[in-house]
>>> print(open('coords.txt').read())   # compact mmCIF, C-alpha atoms
# COMPACT_ATOMS: atom_id res chain seq x y z
CA MET A 1 -30.20 123.29 39.99
CA ALA A 2 -30.80 120.50 37.45
CA GLU A 3 -27.87 118.34 36.46
CA VAL A 4 -26.17 119.04 33.15
CA THR A 5 -26.87 116.38 30.52
CA LYS A 6 -24.93 115.08 27.53
CA GLU A 7 -27.77 116.22 25.28
CA GLN A 8 -27.36 119.82 26.50
CA VAL A 9 -23.63 119.71 25.86
CA LEU A 10 -24.00 118.24 22.36
CA GLU A 11 -26.70 120.77 21.46
CA LYS A 12 -24.37 123.62 22.45
CA LEU A 13 -21.48 122.07 20.52
CA LYS A 14 -23.58 122.04 17.36
CA GLY A 15 -22.87 125.76 17.22
CA VAL A 16 -19.12 125.16 16.86
CA ARG A 17 -17.48 124.76 13.47
CA GLY A 18 -14.08 125.45 11.99
CA PRO A 19 -13.44 128.12 9.32
CA ASP A 20 -13.28 125.52 6.54
CA MET A 21 -15.75 122.90 7.81
CA ASP A 22 -18.85 121.84 5.90
CA GLY A 23 -20.79 121.35 9.14
CA ASN A 24 -20.61 121.56 12.93
CA ILE A 25 -18.31 119.34 14.99
CA VAL A 26 -21.14 117.20 16.36
CA ASP A 27 -22.82 116.36 13.04
CA MET A 28 -19.42 115.66 11.49
CA GLY A 29 -18.75 113.04 14.18
CA LEU A 30 -15.68 114.77 15.62
CA VAL A 31 -16.80 114.81 19.27
CA SER A 32 -15.96 111.83 21.47
CA ASP A 33 -18.23 110.43 24.16
CA VAL A 34 -19.14 113.22 26.57
CA PHE A 35 -18.46 112.41 30.22
CA ILE A 36 -19.88 114.54 33.02
CA SER A 37 -18.71 114.24 36.63
CA ASP A 38 -19.21 116.66 39.51
CA SER A 39 -20.62 119.23 37.03
CA LYS A 40 -17.38 119.11 35.01
CA VAL A 41 -17.55 118.14 31.35
CA TYR A 42 -14.87 116.03 29.63
CA PHE A 43 -14.61 115.27 25.91
CA SER A 44 -12.22 115.41 22.97
CA ILE A 45 -12.43 116.59 19.36
CA THR A 46 -10.83 114.47 16.65
CA VAL A 47 -8.84 116.37 14.01
CA PRO A 48 -6.11 115.49 11.49
CA ALA A 49 -2.76 115.18 13.25
CA GLU A 50 -1.03 117.70 10.99
CA ARG A 51 -3.60 120.39 11.83
CA ALA A 52 -3.69 120.02 15.64
CA LYS A 53 -1.88 123.29 16.38
CA GLU A 54 -3.81 125.22 13.73
CA LEU A 55 -7.17 124.05 15.10
CA ASP A 56 -6.56 124.80 18.79
CA PRO A 57 -8.96 127.80 18.54
CA LEU A 58 -11.64 125.23 17.66
CA ARG A 59 -10.96 123.43 20.95
CA ALA A 60 -11.03 126.74 22.83
CA ALA A 61 -14.37 127.67 21.25
CA ALA A 62 -15.88 124.30 22.21
CA GLU A 63 -14.65 124.71 25.78
CA ARG A 64 -16.07 128.22 25.94
CA VAL A 65 -19.60 127.31 24.84
CA VAL A 66 -19.74 124.35 27.24
CA LYS A 67 -18.60 126.48 30.19
CA ASP A 68 -21.45 128.89 29.39
CA ILE A 69 -24.04 126.18 30.07
CA PRO A 70 -25.78 126.91 33.41
CA GLY A 71 -24.59 124.46 36.06
CA VAL A 72 -21.25 123.61 34.38
CA LYS A 73 -18.34 124.19 36.77
CA GLY A 74 -15.58 123.47 34.28
CA ALA A 75 -14.65 121.74 31.04
CA MET A 76 -11.69 119.60 30.01
CA VAL A 77 -11.44 119.55 26.22
CA ALA A 78 -8.57 118.29 24.10
CA LEU A 79 -7.79 117.73 20.45
CA THR A 80 -7.00 114.14 19.54
CA ALA A 81 -5.47 113.05 16.27
CA ASP A 82 -7.07 110.49 13.99
CA LYS A 83 -4.27 108.80 12.04
CA ARG A 84 -6.67 107.55 9.40
CA ALA A 85 -7.92 111.07 8.89
CA ALA A 86 -4.39 112.41 8.74
CA ALA A 87 -3.50 109.83 6.12
CA GLY A 88 -5.93 111.23 3.59
CA SER A 89 -9.58 111.14 4.71
CA ALA A 90 -9.52 114.12 7.04
CA PRO A 91 -12.92 114.92 8.53
CA VAL A 92 -11.97 118.60 8.60
CA ARG A 93 -12.26 119.62 4.98
CA ARG A 94 -10.10 122.23 3.35
CA PRO A 95 -11.26 124.38 0.40
CA PRO A 96 -10.45 122.63 -2.90
CA GLN A 97 -7.20 123.76 -4.47
CA PRO A 98 -6.93 124.45 -8.19
CA GLY A 99 -5.73 121.37 -9.97
CA ALA A 100 -6.02 119.22 -6.87
CA HIS A 101 -7.50 116.33 -8.87
CA ASP A 102 -5.56 116.77 -12.11
CA HIS A 103 -3.97 113.68 -13.57
CA ALA A 104 -5.73 111.11 -11.37
CA GLY A 105 -5.09 113.04 -8.15
CA HIS A 106 -1.35 113.50 -8.70
CA ASN A 107 -1.14 116.48 -6.33
CA HIS A 108 -3.20 114.69 -3.68
CA ALA A 109 -0.76 111.82 -3.60
CA HIS A 110 2.18 114.15 -3.11
CA SER A 111 0.46 115.93 -0.22
CA HIS A 112 0.51 112.67 1.75
CA ALA A 113 3.96 111.43 0.91
CA ALA A 114 5.56 108.83 3.17
CA PRO A 115 8.55 110.79 4.58
CA PRO A 116 6.50 113.32 6.64
CA GLN A 117 4.41 110.47 8.07
CA ALA A 118 7.57 108.60 9.01
CA GLN A 119 9.02 111.65 10.75
CA ARG A 120 5.88 112.75 12.62
CA PRO A 121 6.20 110.39 15.63
CA GLN A 122 9.59 111.94 16.46
CA ALA A 123 8.09 115.43 16.94
CA LYS A 124 6.68 114.91 20.43
CA PRO A 125 6.15 118.23 22.22
CA GLY A 126 7.73 118.27 25.66
CA ILE A 127 6.48 119.86 28.87
CA PRO A 128 7.98 123.31 29.60
CA GLY A 129 10.30 123.17 32.59
CA VAL A 130 10.35 119.36 32.83
CA GLY A 131 13.77 117.87 32.12
CA ALA A 132 12.86 114.19 31.78
CA ILE A 133 9.73 112.05 31.89
CA ILE A 134 9.97 108.48 33.18
CA ALA A 135 7.13 105.97 32.90
CA VAL A 136 6.80 103.28 35.58
CA ALA A 137 4.85 100.38 34.09
CA SER A 138 3.89 96.76 34.53
CA GLY A 139 2.23 94.19 32.33
CA LYS A 140 -0.38 93.35 34.98
CA GLY A 141 -1.89 94.70 38.18
CA GLY A 142 -1.05 93.60 41.70
CA VAL A 143 2.73 93.89 41.47
CA GLY A 144 3.03 97.05 43.59
CA LYS A 145 3.68 99.42 40.72
CA SER A 146 2.06 102.51 42.27
CA THR A 147 3.84 101.99 45.59
CA THR A 148 7.08 101.58 43.63
CA SER A 149 6.35 104.76 41.63
CA VAL A 150 5.82 106.84 44.77
CA ASN A 151 8.91 105.54 46.57
CA LEU A 152 11.01 105.87 43.41
CA ALA A 153 9.89 109.49 43.03
CA LEU A 154 10.68 110.19 46.70
CA ALA A 155 14.05 108.48 46.33
CA LEU A 156 14.90 110.63 43.29
CA HIS A 157 13.94 113.67 45.38
CA ALA A 158 16.05 112.40 48.30
CA ASN A 159 18.96 112.09 45.86
CA GLY A 160 18.72 115.82 45.20
CA LEU A 161 16.38 116.11 42.19
CA ARG A 162 13.28 118.24 41.70
CA VAL A 163 10.52 115.70 41.14
CA GLY A 164 6.86 115.52 40.19
CA ILE A 165 4.59 112.49 39.87
CA LEU A 166 1.63 112.01 37.54
CA ASP A 167 -0.96 109.35 38.25
CA ALA A 168 -1.89 108.13 34.75
CA ASP A 169 -4.32 105.49 36.00
CA ILE A 170 -7.62 107.07 34.98
CA TYR A 171 -9.77 104.16 36.17
CA GLY A 172 -8.05 103.52 39.50
CA PRO A 173 -6.08 106.59 40.64
CA SER A 174 -4.12 105.88 43.82
CA MET A 175 -1.93 108.96 44.35
CA PRO A 176 -4.37 110.84 46.62
CA ARG A 177 -4.27 107.95 49.10
CA LEU A 178 -0.59 107.02 48.70
CA MET A 179 0.54 110.64 49.01
CA LYS A 180 -2.04 111.57 51.68
CA ILE A 181 -3.43 114.47 49.65
CA SER A 182 -7.05 115.61 49.58
CA GLY A 183 -8.88 118.53 48.02
CA ARG A 184 -9.10 119.98 44.53
CA PRO A 185 -6.30 121.59 42.51
CA GLN A 186 -6.34 125.37 42.19
CA GLN A 187 -7.15 126.89 38.80
CA LEU A 188 -4.52 129.44 37.74
CA GLU A 189 -4.65 132.07 35.02
CA GLY A 190 -5.51 130.72 31.61
CA ARG A 191 -6.08 126.99 31.47
CA LEU A 192 -3.31 125.94 33.85
CA ILE A 193 -3.94 123.93 37.03
CA LYS A 194 -1.66 124.13 40.05
CA PRO A 195 -0.47 120.63 41.03
CA MET A 196 -1.01 119.34 44.55
CA GLU A 197 2.10 118.93 46.73
CA ASN A 198 3.32 116.77 49.60
CA TYR A 199 6.65 115.36 50.81
CA GLY A 200 8.49 117.68 48.40
CA LEU A 201 6.77 116.26 45.30
CA LYS A 202 4.37 117.95 42.90
CA VAL A 203 1.46 115.60 42.20
CA MET A 204 -1.42 115.38 39.73
CA SER A 205 -4.07 112.68 39.55
CA MET A 206 -7.57 112.20 38.19
CA GLY A 207 -8.35 111.31 41.80
CA PHE A 208 -8.13 115.04 42.65
CA LEU A 209 -10.66 115.94 39.96
CA VAL A 210 -13.27 113.19 40.34
CA ASP A 211 -14.78 111.82 43.54
CA GLU A 212 -13.36 108.49 44.70
CA GLU A 213 -16.75 106.74 44.40
CA VAL A 214 -17.33 107.83 40.79
CA ALA A 215 -16.99 105.00 38.27
CA MET A 216 -14.90 106.09 35.29
CA ILE A 217 -16.35 104.60 32.11
CA TRP A 218 -14.18 106.16 29.46
CA ARG A 219 -13.09 105.08 25.99
CA GLY A 220 -9.75 105.65 24.28
CA PRO A 221 -10.18 109.28 23.13
CA MET A 222 -11.33 110.40 26.56
CA ILE A 223 -8.37 108.74 28.27
CA GLN A 224 -5.99 110.33 25.78
CA SER A 225 -7.59 113.73 26.29
CA ALA A 226 -7.42 113.59 30.09
CA LEU A 227 -3.82 112.36 30.16
CA LEU A 228 -2.50 115.00 27.78
CA GLN A 229 -4.26 117.76 29.68
CA MET A 230 -2.93 116.54 33.03
CA LEU A 231 0.53 116.61 31.49
CA ARG A 232 0.49 119.83 29.49
CA GLU A 233 -2.01 122.01 31.32
CA VAL A 234 -0.52 121.66 34.78
CA ALA A 235 1.90 124.27 36.13
CA TRP A 236 4.67 121.79 36.94
CA GLY A 237 7.31 124.51 37.20
CA ASP A 238 10.97 123.51 36.93
CA LEU A 239 11.40 119.77 37.44
CA ASP A 240 14.39 117.55 36.80
CA VAL A 241 12.10 114.57 36.35
CA LEU A 242 8.42 113.72 36.16
CA VAL A 243 7.59 110.15 37.20
CA VAL A 244 4.46 108.78 35.53
CA ASP A 245 2.64 105.99 37.34
CA MET A 246 1.14 104.07 34.41
CA PRO A 247 -1.97 101.90 34.67
CA PRO A 248 -1.33 98.15 34.36
CA GLY A 249 -1.38 96.53 30.94
CA THR A 250 -0.75 97.84 27.43
CA GLY A 251 -3.92 99.77 26.59
CA ASP A 252 -4.93 103.29 25.51
CA ALA A 253 -3.16 105.16 28.32
CA GLN A 254 0.14 103.39 27.72
CA LEU A 255 0.02 103.96 23.97
CA THR A 256 -0.88 107.62 24.44
CA MET A 257 2.09 108.16 26.74
CA ALA A 258 4.48 106.18 24.53
CA GLN A 259 3.43 107.72 21.22
CA GLN A 260 2.68 111.35 22.13
CA VAL A 261 4.99 112.15 25.06
CA PRO A 262 8.80 112.39 24.83
CA LEU A 263 9.57 109.73 27.42
CA ALA A 264 13.18 109.53 28.57
CA GLY A 265 12.51 105.87 29.24
CA ALA A 266 10.39 103.29 31.01
CA VAL A 267 10.94 101.33 34.22
CA ILE A 268 9.23 97.92 34.35
CA VAL A 269 8.01 96.56 37.70
CA SER A 270 7.53 92.81 38.12
CA THR A 271 7.39 90.20 40.85
CA PRO A 272 9.65 87.14 40.64
CA GLN A 273 7.12 84.53 39.51
CA ASP A 274 6.85 83.38 35.90
CA LEU A 275 3.28 84.61 35.41
CA ALA A 276 4.14 88.21 36.27
CA LEU A 277 7.22 88.05 34.08
CA ILE A 278 5.18 86.90 31.10
CA ASP A 279 3.02 90.01 31.48
CA ALA A 280 6.08 92.21 32.04
CA ARG A 281 7.39 91.06 28.66
CA LYS A 282 4.28 92.51 27.02
CA GLY A 283 5.08 95.90 28.52
CA LEU A 284 8.68 95.64 27.40
CA ALA A 285 7.57 94.70 23.89
CA MET A 286 5.19 97.66 23.66
CA PHE A 287 7.80 100.23 24.67
CA ARG A 288 10.29 98.66 22.28
CA LYS A 289 7.86 98.87 19.38
CA VAL A 290 7.28 102.58 19.95
CA GLU A 291 11.02 103.20 20.43
CA VAL A 292 10.94 104.15 24.12
CA PRO A 293 14.15 103.09 25.91
CA VAL A 294 13.67 100.57 28.72
CA LEU A 295 15.69 101.90 31.65
CA GLY A 296 15.51 98.61 33.50
CA ILE A 297 13.46 96.15 35.55
CA ILE A 298 12.67 96.26 39.28
CA GLU A 299 11.86 93.01 41.08
CA ASN A 300 9.22 93.98 43.65
CA MET A 301 8.13 91.68 46.51
CA SER A 302 11.43 89.94 45.88
CA PHE A 303 11.65 88.21 49.26
CA PHE A 304 10.17 88.38 52.76
CA ILE A 305 12.07 88.71 56.03
CA ALA A 306 10.11 87.42 59.03
CA PRO A 307 10.02 90.27 61.58
CA ASP A 308 10.19 87.89 64.55
CA THR A 309 12.97 85.52 63.43
CA GLY A 310 14.74 87.44 60.68
CA LYS A 311 14.43 84.37 58.45
CA ARG A 312 14.14 85.01 54.72
CA TYR A 313 11.29 83.50 52.67
CA ASP A 314 11.10 83.59 48.84
CA ILE A 315 7.31 83.61 48.76
CA PHE A 316 7.00 84.30 45.04
CA GLY A 317 10.24 82.64 44.01
CA HIS A 318 13.36 84.75 43.60
CA GLY A 319 15.58 86.20 40.93
CA GLY A 320 13.15 85.82 38.02
CA ALA A 321 13.21 89.51 37.08
CA ARG A 322 17.02 89.60 37.24
CA LYS A 323 17.25 86.60 34.90
CA GLU A 324 14.72 88.16 32.56
CA ALA A 325 16.68 91.42 32.45
CA GLU A 326 19.85 89.49 31.64
CA ARG A 327 18.06 87.42 28.99
CA ILE A 328 16.80 90.42 27.02
CA GLY A 329 19.76 92.68 27.74
CA VAL A 330 18.26 95.51 29.84
CA PRO A 331 19.56 96.76 33.20
CA PHE A 332 18.39 95.08 36.40
CA LEU A 333 17.67 97.95 38.77
CA GLY A 334 17.27 96.12 42.06
CA GLU A 335 15.22 93.95 44.44
CA VAL A 336 12.62 95.43 46.77
CA PRO A 337 11.60 93.11 49.63
CA LEU A 338 8.05 92.45 50.75
CA THR A 339 7.74 94.07 54.17
CA MET A 340 4.96 95.01 56.53
CA GLY A 341 6.41 98.51 56.61
CA ILE A 342 5.82 99.10 52.91
CA ARG A 343 2.20 97.97 53.17
CA GLU A 344 1.47 99.92 56.34
CA THR A 345 3.06 103.18 55.19
CA SER A 346 1.38 102.90 51.78
CA ASP A 347 -2.03 102.45 53.40
CA ALA A 348 -1.36 105.37 55.73
CA GLY A 349 -0.16 107.68 52.95
CA THR A 350 3.30 108.04 54.51
CA PRO A 351 5.59 106.28 51.98
CA LEU A 352 8.56 104.44 53.44
CA VAL A 353 11.25 106.56 51.76
CA HIS A 354 9.73 109.58 53.52
CA SER A 355 8.74 108.03 56.86
CA GLU A 356 11.88 105.91 57.35
CA PRO A 357 14.54 107.64 55.22
CA ASP A 358 17.44 105.86 56.95
CA GLY A 359 15.88 102.40 56.86
CA GLU A 360 17.13 99.52 54.73
CA VAL A 361 14.23 99.63 52.27
CA ALA A 362 14.63 103.38 51.74
CA LYS A 363 18.30 102.77 50.95
CA ILE A 364 17.28 100.16 48.36
CA TYR A 365 14.91 102.62 46.69
CA ARG A 366 17.57 105.34 46.67
CA GLU A 367 20.04 103.00 45.00
CA ILE A 368 17.41 102.04 42.41
CA ALA A 369 16.74 105.76 41.85
CA ARG A 370 20.45 106.37 41.32
CA ARG A 371 20.61 103.59 38.72
CA VAL A 372 17.51 104.88 36.95
CA TRP A 373 18.95 108.38 36.77
CA ASP A 374 22.25 106.97 35.48
CA GLN A 375 20.30 105.30 32.68
CA VAL A 376 18.55 108.57 31.84
CA ALA A 377 21.92 110.31 31.72
CA ALA A 378 23.25 107.57 29.44
CA GLN A 379 20.30 108.06 27.07
CA ARG A 380 20.95 111.80 26.94
CA ALA A 381 24.61 111.17 26.24
CA GLY A 382 23.73 108.99 23.27
CA GLY A 383 23.32 105.69 25.07
CA ALA A 384 20.12 105.05 23.13
CA ARG A 385 22.19 104.15 20.08
CA ALA A 386 23.80 101.34 22.01
CA MET A 387 20.58 99.86 23.39
CA PRO A 388 20.35 96.13 22.70
CA ASN A 389 17.91 94.69 20.20
CA ILE A 390 15.19 93.00 22.25
CA VAL A 391 13.62 89.99 20.58
CA PHE A 392 10.39 88.52 21.90
CA GLU A 393 9.56 85.05 20.71
>>> encode(input="coords.txt", output="structure tokens")
Amino acid sequence: MAEVTKEQVLEKLKGVRGPDMDGNIVDMGLVSDVFISDSKVYFSITVPAERAKELDPLRAAAERVVKDIPGVKGAMVALTADKRAAAGSAPVRRPPQPGAHDHAGHNHAHSHAAPPQAQRPQAKPGIPGVGAIIAVASGKGGVGKSTTSVNLALALHANGLRVGILDADIYGPSMPRLMKISGRPQQLEGRLIKPMENYGLKVMSMGFLVDEEVAMIWRGPMIQSALLQMLREVAWGDLDVLVVDMPPGTGDAQLTMAQQVPLAGAVIVSTPQDLALIDARKGLAMFRKVEVPVLGIIENMSFFIAPDTGKRYDIFGHGGARKEAERIGVPFLGEVPLTMGIRETSDAGTPLVHSEPDGEVAKIYREIARRVWDQVAAQRAGGARAMPNIVFE
């Protein structure tokens, strides 16, 4: 069977239009780049933010026609909001209203008044059954963020919570390897996907949907689409907390999570040296700007204990993350040492908190998990009002 092409998909989508559109979604420029992998088709449709719920049938229709293409195994389609369109130049056109342009567009101006725009970011739809969503982030790669995310999630579970973990790194998903999970998720009734499971955690990752060797060349709308579907179209069930392993940096994925998902807070992972801390500040600044509480900073690879002599070495310096937390007034959550055990168990897909639950490092992660959950509880109790003002020079 011949491979499905972008041209085939776009030609089919030309038959899709909304009830009040002047043209089809392709010719109107509403369809993002189309990505095809393993006979699955991924794309998003841009609509005004205020009409997202109303236009969901449009998304469903687009998904339906693409799935009908011979050779297509599945489709992942999402609506994405264009702020510029929502502010007054919406690509989806409504029928003209009587008097809409009277008196130099008086009514038009009122329809886009400032107060609704100011309130819209606060209306972030949650995930049914999920009590709290925590983002684990870093300003740069190579600081052990994914390993920290997995062990933090396992530590929260060990502390008695129902926990899931979402791998939000579209370009470099690591959860299949770190959690020793292979295979494809099961499709349930409707559009829901059953998450994978291991070690008591429910897990979702792009790594389960796309082959490991496939290069992901996606732009912003595609990343946003995939993330929101992995969040909202997965049957997470009842969870106390969903840990989100963020990709490094402050790009599209981070902004999507911060702006469109009701995060209970963010945990920043850094190593002790100044360079990593400079990048960590960027992550802190981003979350602050979008009003996501920073639950604290973890200093990873804090020190090294020689296995033969027991001597401690501060390979990357020491205490930098603690000082940074004190400087900007956020909690310091703890120090995780650099050990051979963490590396070996991560590579083997048997995380240390699971494989050595009574070991010293597992105890450190459980204490960090307790502090993180205390911060979440403080936010729920109104602690967000008392959060310090973070100033970045």
>>> atom_distance(input="coords.txt", atom1="atom CA of Ile193 of chain A", atom2="atom CA of Met257 of chain A")
19.8 Å
>>> closest_residue(input="coords.txt", among="A:Gly317, A:Pro293, A:Gly126, A:Pro351", to="Gln379 of chain A", atoms="only C-alpha atoms")
A:Pro293
>>> atom_distance(input="coords.txt", atom1="atom CA of Val163 of chain A", atom2="atom CA of Val241 of chain A")
5.2 Å
>>> axis_aligned_box(input="coords.txt", around="segment 12-21 of chain A", padding_each_side="4 Å", output="lines of an AutoDock Vina configuration file")
center_x = -18.8
center_y = 125.1
center_z = 14.5
size_x = 19.1
size_y = 14.1
size_z = 23.9
>>> residues_around(input="coords.txt", residues="Asp240 of chain A", least_positions_apart="6", cutoff="12 Å", atoms="all atoms listed in the file", output="VMD selection string")
chain A and resid 127 to 134 153 156 to 157 159 to 165 201 to 202 264 373 376 to 377
>>> atom_distance(input="coords.txt", atom1="atom CA of Ser32 of chain A", atom2="atom CA of Ser44 of chain A")
5.4 Å
>>> residues_around(input="coords.txt", residues="segment 320-333 of chain A", least_positions_apart="5", cutoff="6 Å", atoms="all atoms listed in the file", output="list in words")
Pro272, Gly296, Ile297, Ile298, Glu299, Ile368 and Ile390 of chain A
